[in-house]
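K.L.:
Below: one structure in C-alpha cells.
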Amino acid sequence: MHLLISYLKFLWNSNNSHGVHSPFVFDLLRKCFYDKNEYGAYGILKKYRNSLLQNKNTIEVTDFGAGSRVFKSNTRAINQIAQNAGISRKDARLLYRIVNYFKPKNILEIGTSLGLASSALALGNPKAKITSLEGCPETAKIAQKQFQEFDFNIDSIISQFESYLETKTVKSANYDLIYFDGNHSKEATLSYFESLLSTANNETIWIFDDIHWSSGMEEAWEVIKKHPKVTVTIDTFQWGFVFFRKEQEKEHFILRTSNSFFLNSILGIRKLWGLLP
C-alpha cells in the first residue's frame, strides 16, 4: 500500500521536459531519457535477460538486505529471480542510455544480483572500468558466468558491502558513476552515501534504486537531497539521481522518464497493485 500511495503522489507531482528550466536537466531528458532510438545493444540486453529467464535451476540466496516482497524462501529459481527481482527491460534500456550519454570511465555497482543492470552498464561504455559488488556467493557465481559468456569486462567482487566500502581501494577511488542497488534500508543507504562521498567529483552521477521502497528509504532520500555537497537531484520514482555539479544551483526535480505518460502510469499502477494482497 505504501508503494501505491507513493506512486500516486509521484504521478500528481511529476513533470516532463516542459516544466524544466535547467539546461543540463532539459538536455538529459530530451537526449537521454526520451531517446527513442533502437540501439543495437538492446538486442544484447534482451539476449542476456532471456538466457536467465530460461534457466530454471535453483540456488540458495543469502540475503543481506531488506528482504523480498515476492519470495518467501531463500531457495529460488534463477528465472524467477530474473523476472521478479531484476531490473526491468525498460529500466535496463534507460540505464544503458544514461551510461552511453555520460560516458563514465570508472563505475561502481553495489548489488550485482544476476547482472541484468551490470550488462547495461557494460554495454553503455565498453571502455569503462566496472566494479560490481555482490554479497551472495551463489547469485554472484551466476552473474560471473554470464559476464564470461557475454564477454563483459566487469570486475565481480563477492563481499558484504560495508566491509568493501571501507577498503583503501574504495577510499582512494574516483567514481564517475555509482549505481546503488543493494540493501534497501534507510540506515544502509545513508551509510553507503556517507562512505562514498569522498569518491565523488564534479561530473559524478549517483543512481539510487527503489527510493520509494519504504518510508525509511523515502526518509533517506530526503536526507540525501538536502546534503550540502548535493546540487541537483531527480526523482523518477524508481530511481533517485544525484549530481554534485558545483556550477548548478540546488534544485530538485520530479520527472517522468518517458513521454508516454498515460500508458506508463497505468502500467505502473498495475505493477504496484500486483504487490498487494
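Convention: chains lettered A, B, ... in C-alpha cells order; per-chain residue numbering from 1; ligands numbered from 1 as shown.
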Can you list, as a PyMOL selection string, every protein, DNA or RNA residue that comes within 6 Å of A:Ile107 when you count only C-alpha atoms, leaving out same-chain residues fewer than 3 positions away?

P.N.:
chain A and resi 130+175+177-178

K.L.:
With stretch 53-57 of chain A as the partner and 8 Å as the cut-off, tabulate the residues of stretch 64-165 of chain A that qualify, each row holding the nearest pair of atoms and their distance in Å to one decimal, using only C-alpha atoms, sorted by chain and rising number, as JSON lines.

P.N.:
```
{"residue": "A:Ala77", "atom": "CA", "partner": "A:Asn57", "partner_atom": "CA", "distance": 5.5}
{"residue": "A:Ile78", "atom": "CA", "partner": "A:Lys56", "partner_atom": "CA", "distance": 5.8}
{"residue": "A:Asn79", "atom": "CA", "partner": "A:Leu53", "partner_atom": "CA", "distance": 4.2}
{"residue": "A:Gln80", "atom": "CA", "partner": "A:Leu53", "partner_atom": "CA", "distance": 7.2}
{"residue": "A:Ala82", "atom": "CA", "partner": "A:Leu53", "partner_atom": "CA", "distance": 6.2}
{"residue": "A:Gln83", "atom": "CA", "partner": "A:Leu53", "partner_atom": "CA", "distance": 6.8}
```

K.L.:
Tell me, as a list in words, which residues lie within 9 Å of A:Ser214, counting only C-alpha atoms; anything in the same chain fewer than 6 positions away does not count.

P.N.:
His2, Leu3, His184, Ser185 and Lys186 of chain A

K.L.:
Restricted to N, CA, C and O atoms, what would the selected residues look like written as a CSV table (one decimal), in the first residue's frame?

P.N.:
```
chain,number,residue,atom,x,y,z
A,2,HIS,N,2.0,1.2,0.7
A,2,HIS,CA,2.9,2.3,0.7
A,2,HIS,C,3.4,2.7,-0.7
A,2,HIS,O,3.4,3.9,-1.1
A,3,LEU,N,3.8,1.7,-1.4
A,3,LEU,CA,4.2,1.9,-2.8
A,3,LEU,C,3.2,2.5,-3.7
A,3,LEU,O,3.4,3.4,-4.5
A,184,HIS,N,18.2,-2.1,0.7
A,184,HIS,CA,17.2,-1.1,0.5
A,184,HIS,C,16.6,-0.7,1.9
A,184,HIS,O,15.4,-0.9,2.2
A,185,SER,N,17.5,-0.2,2.8
A,185,SER,CA,17.1,0.3,4.1
A,185,SER,C,17.6,1.7,4.3
A,185,SER,O,18.7,2.0,3.7
A,186,LYS,N,17.0,2.4,5.1
A,186,LYS,CA,17.4,3.8,5.4
A,186,LYS,C,18.9,3.9,5.9
A,186,LYS,O,19.7,4.6,5.4
```

K.L.:
May I have a table of the residues of stretch 82-153 of chain A lying at most 9 Å from stretch 28-43 of chain A, giving each one's closest pair of atoms and their distance in Å to one decimal, counting only C-alpha atoms, ordered by chain and ascending residue number, as JSON lines?

P.N.:
```
{"residue": "A:Ala92", "atom": "CA", "partner": "A:Tyr42", "partner_atom": "CA", "distance": 8.8}
{"residue": "A:Arg93", "atom": "CA", "partner": "A:Tyr42", "partner_atom": "CA", "distance": 6.7}
{"residue": "A:Leu94", "atom": "CA", "partner": "A:Phe33", "partner_atom": "CA", "distance": 6.6}
{"residue": "A:Tyr96", "atom": "CA", "partner": "A:Ala41", "partner_atom": "CA", "distance": 8.2}
{"residue": "A:Arg97", "atom": "CA", "partner": "A:Cys32", "partner_atom": "CA", "distance": 6.0}
{"residue": "A:Ile98", "atom": "CA", "partner": "A:Cys32", "partner_atom": "CA", "distance": 6.4}
{"residue": "A:Asn100", "atom": "CA", "partner": "A:Cys32", "partner_atom": "CA", "distance": 8.7}
{"residue": "A:Tyr101", "atom": "CA", "partner": "A:Cys32", "partner_atom": "CA", "distance": 6.6}
{"residue": "A:Ala120", "atom": "CA", "partner": "A:Ala41", "partner_atom": "CA", "distance": 8.4}
{"residue": "A:Leu123", "atom": "CA", "partner": "A:Ala41", "partner_atom": "CA", "distance": 6.5}
{"residue": "A:Gly124", "atom": "CA", "partner": "A:Ala41", "partner_atom": "CA", "distance": 8.1}
```

K.L.:
Can I get the selection written as a PDB file, in the first residue's frame, with N, CA and C atoms?

P.N.:
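What landed in selection08.pdb:
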```pdb
ATOM      1  N   ALA A  92      16.505  -1.178 -17.852  1.00  0.00           N
ATOM      2  CA  ALA A  92      17.811  -1.601 -18.358  1.00  0.00           C
ATOM      3  C   ALA A  92      18.199  -0.775 -19.582  1.00  0.00           C
ATOM      4  N   ARG A  93      17.218  -0.532 -20.436  1.00  0.00           N
ATOM      5  CA  ARG A  93      17.473   0.304 -21.613  1.00  0.00           C
ATOM      6  C   ARG A  93      17.820   1.739 -21.205  1.00  0.00           C
ATOM      7  N   LEU A  94      17.102   2.254 -20.220  1.00  0.00           N
ATOM      8  CA  LEU A  94      17.377   3.608 -19.752  1.00  0.00           C
ATOM      9  C   LEU A  94      18.768   3.684 -19.129  1.00  0.00           C
ATOM     10  N   TYR A  96      21.321   1.852 -19.830  1.00  0.00           N
ATOM     11  CA  TYR A  96      22.263   1.825 -20.958  1.00  0.00           C
ATOM     12  C   TYR A  96      22.424   3.218 -21.559  1.00  0.00           C
ATOM     13  N   ARG A  97      21.289   3.901 -21.787  1.00  0.00           N
ATOM     14  CA  ARG A  97      21.342   5.231 -22.406  1.00  0.00           C
ATOM     15  C   ARG A  97      22.053   6.239 -21.505  1.00  0.00           C
ATOM     16  N   ILE A  98      21.836   6.121 -20.198  1.00  0.00           N
ATOM     17  CA  ILE A  98      22.488   7.037 -19.256  1.00  0.00           C
ATOM     18  C   ILE A  98      24.006   6.892 -19.327  1.00  0.00           C
ATOM     19  N   ASN A 100      25.706   5.567 -21.791  1.00  0.00           N
ATOM     20  CA  ASN A 100      26.107   5.958 -23.143  1.00  0.00           C
ATOM     21  C   ASN A 100      26.148   7.483 -23.282  1.00  0.00           C
ATOM     22  N   TYR A 101      25.287   8.173 -22.556  1.00  0.00           N
ATOM     23  CA  TYR A 101      25.191   9.640 -22.619  1.00  0.00           C
ATOM     24  C   TYR A 101      26.340  10.312 -21.864  1.00  0.00           C
ATOM     25  N   ALA A 120      23.805  -3.619 -18.717  1.00  0.00           N
ATOM     26  CA  ALA A 120      23.516  -2.295 -19.275  1.00  0.00           C
ATOM     27  C   ALA A 120      24.682  -1.337 -19.047  1.00  0.00           C
ATOM     28  N   LEU A 123      27.541  -2.361 -21.523  1.00  0.00           N
ATOM     29  CA  LEU A 123      27.255  -2.038 -22.919  1.00  0.00           C
ATOM     30  C   LEU A 123      27.228  -0.526 -23.153  1.00  0.00           C
ATOM     31  N   GLY A 124      26.842   0.231 -22.126  1.00  0.00           N
ATOM     32  CA  GLY A 124      26.765   1.680 -22.266  1.00  0.00           C
ATOM     33  C   GLY A 124      28.109   2.313 -22.550  1.00  0.00           C
TER      34      GLY A 124
END
```

K.L.:
Just checking: using only C-alpha atoms, which residue out of A:Ser51, A:Glu162, A:His252, A:Ile207 ends up closest to A:Lys226?

P.N.:
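Under the stated criterion, the closest residue is A:His252.
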
K.L.:
Output as an MDAnalysis selection string all residues of stretch 19-244 of chain A that backbone DSSP marks as helix (DSSP H, G or I).

P.N.:
chainID A and resid 19 23:33 41:53 78:84 89:102 116:124 137:149 161:165 168:171 186:199 215:226

K.L.:
Need the shell around A:Thr233: protein/DNA/RNA residues with any atom at most 7 Å away, counting only C-alpha atoms. Skip same-chain ones fewer than 6 positions apart. Format as JSON, numbers by chain?

P.N.:
{"A": [225, 240, 241, 242, 243, 251, 252, 253]}

K.L.:
If you count only C-alpha atoms, which residues fall within 6 Å of A:Gly111, apart from same-chain ones fewer than 5 positions away, as a PDB file with N, CA and C atoms, in the first residue's frame?

P.N.:
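Everything below was put into around-v8.pdb:
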```
ATOM      1  N   LEU A 133      29.687  -5.241  -6.868  1.00  0.00           N
ATOM      2  CA  LEU A 133      29.725  -5.940  -5.583  1.00  0.00           C
ATOM      3  C   LEU A 133      28.472  -6.775  -5.379  1.00  0.00           C
ATOM      4  N   GLU A 134      28.653  -7.979  -4.861  1.00  0.00           N
ATOM      5  CA  GLU A 134      27.519  -8.839  -4.517  1.00  0.00           C
ATOM      6  C   GLU A 134      27.850  -9.613  -3.252  1.00  0.00           C
ATOM      7  N   ASP A 181      22.138  -0.479  -5.679  1.00  0.00           N
ATOM      8  CA  ASP A 181      21.013  -1.420  -5.759  1.00  0.00           C
ATOM      9  C   ASP A 181      21.263  -2.578  -4.806  1.00  0.00           C
ATOM     10  N   GLY A 182      21.596  -2.235  -3.566  1.00  0.00           N
ATOM     11  CA  GLY A 182      21.909  -3.276  -2.600  1.00  0.00           C
ATOM     12  C   GLY A 182      20.894  -3.326  -1.480  1.00  0.00           C
TER      13      GLY A 182
END
```

K.L.:
Looking only at strand (DSSP E or B) from DSSP on the backbone, list the matching residues of stretch 13-249 of chain A as JSON, numbers by chain.

P.N.:
{"A": [15, 58, 59, 60, 75, 76, 77, 106, 107, 108, 109, 110, 129, 130, 131, 132, 133, 134, 154, 155, 156, 157, 158, 177, 178, 179, 180, 205, 206, 207, 208, 209, 232, 233, 234, 235, 239, 240, 241, 242, 243]}

K.L.:
Take atom CA of A:Lys105 and atom CA of A:Thr199 and report the distance between them in Å, one decimal.

P.N.:
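We find that atom CA of A:Lys105 and atom CA of A:Thr199 lie 13.3 Å from each other.
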
K.L.:
Mind checking which residues fall within 7 Å of A:Thr75, counting only C-alpha atoms, ignoring those fewer than 3 positions away in the same chain, and posting them as an mmCIF file with N, CA, C and O atoms, in the first residue's frame?

P.N.:
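File result-v5.cif, as written:
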```
data_model
loop_
_atom_site.group_PDB
_atom_site.id
_atom_site.type_symbol
_atom_site.label_atom_id
_atom_site.label_comp_id
_atom_site.auth_asym_id
_atom_site.auth_seq_id
_atom_site.Cartn_x
_atom_site.Cartn_y
_atom_site.Cartn_z
ATOM 1 N N THR A 58 17.786 -23.865 -9.435
ATOM 2 C CA THR A 58 17.578 -23.124 -8.191
ATOM 3 C C THR A 58 18.909 -22.906 -7.470
ATOM 4 O O THR A 58 19.842 -23.697 -7.623
ATOM 5 N N ILE A 59 18.963 -21.819 -6.700
ATOM 6 C CA ILE A 59 20.130 -21.522 -5.890
ATOM 7 C C ILE A 59 19.657 -21.113 -4.496
ATOM 8 O O ILE A 59 18.493 -20.732 -4.305
ATOM 9 N N GLU A 60 20.564 -21.198 -3.530
ATOM 10 C CA GLU A 60 20.266 -20.762 -2.174
ATOM 11 C C GLU A 60 20.783 -19.334 -2.010
ATOM 12 O O GLU A 60 21.994 -19.091 -2.017
ATOM 13 N N VAL A 61 19.868 -18.396 -1.887
ATOM 14 C CA VAL A 61 20.224 -16.983 -1.849
ATOM 15 C C VAL A 61 20.502 -16.542 -0.418
ATOM 16 O O VAL A 61 19.705 -16.797 0.489
#
```

K.L.:
Please, what distance in Å, to one decimal, runs between atom CA of A:Ser132 and atom CA of A:Glu109?

P.N.:
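We find that atom CA of A:Ser132 and atom CA of A:Glu109 lie 4.5 Å from each other.
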
K.L.:
What lies within 10 Å of stretch 114-116 of chain A using only C-alpha atoms, ignoring chain neighbours under 4 positions off, as a PyMOL selection string?

P.N.:
chain A and resi 45-46+48-49+52+78-79+81-82+85-89+92+109+120-121+132+134+138-147+154+156

K.L.:
Could you work out how far atom CA of A:Thr131 lies from atom CA of A:Phe193, giving the answer in Å with one decimal?

P.N.:
17.0 Å
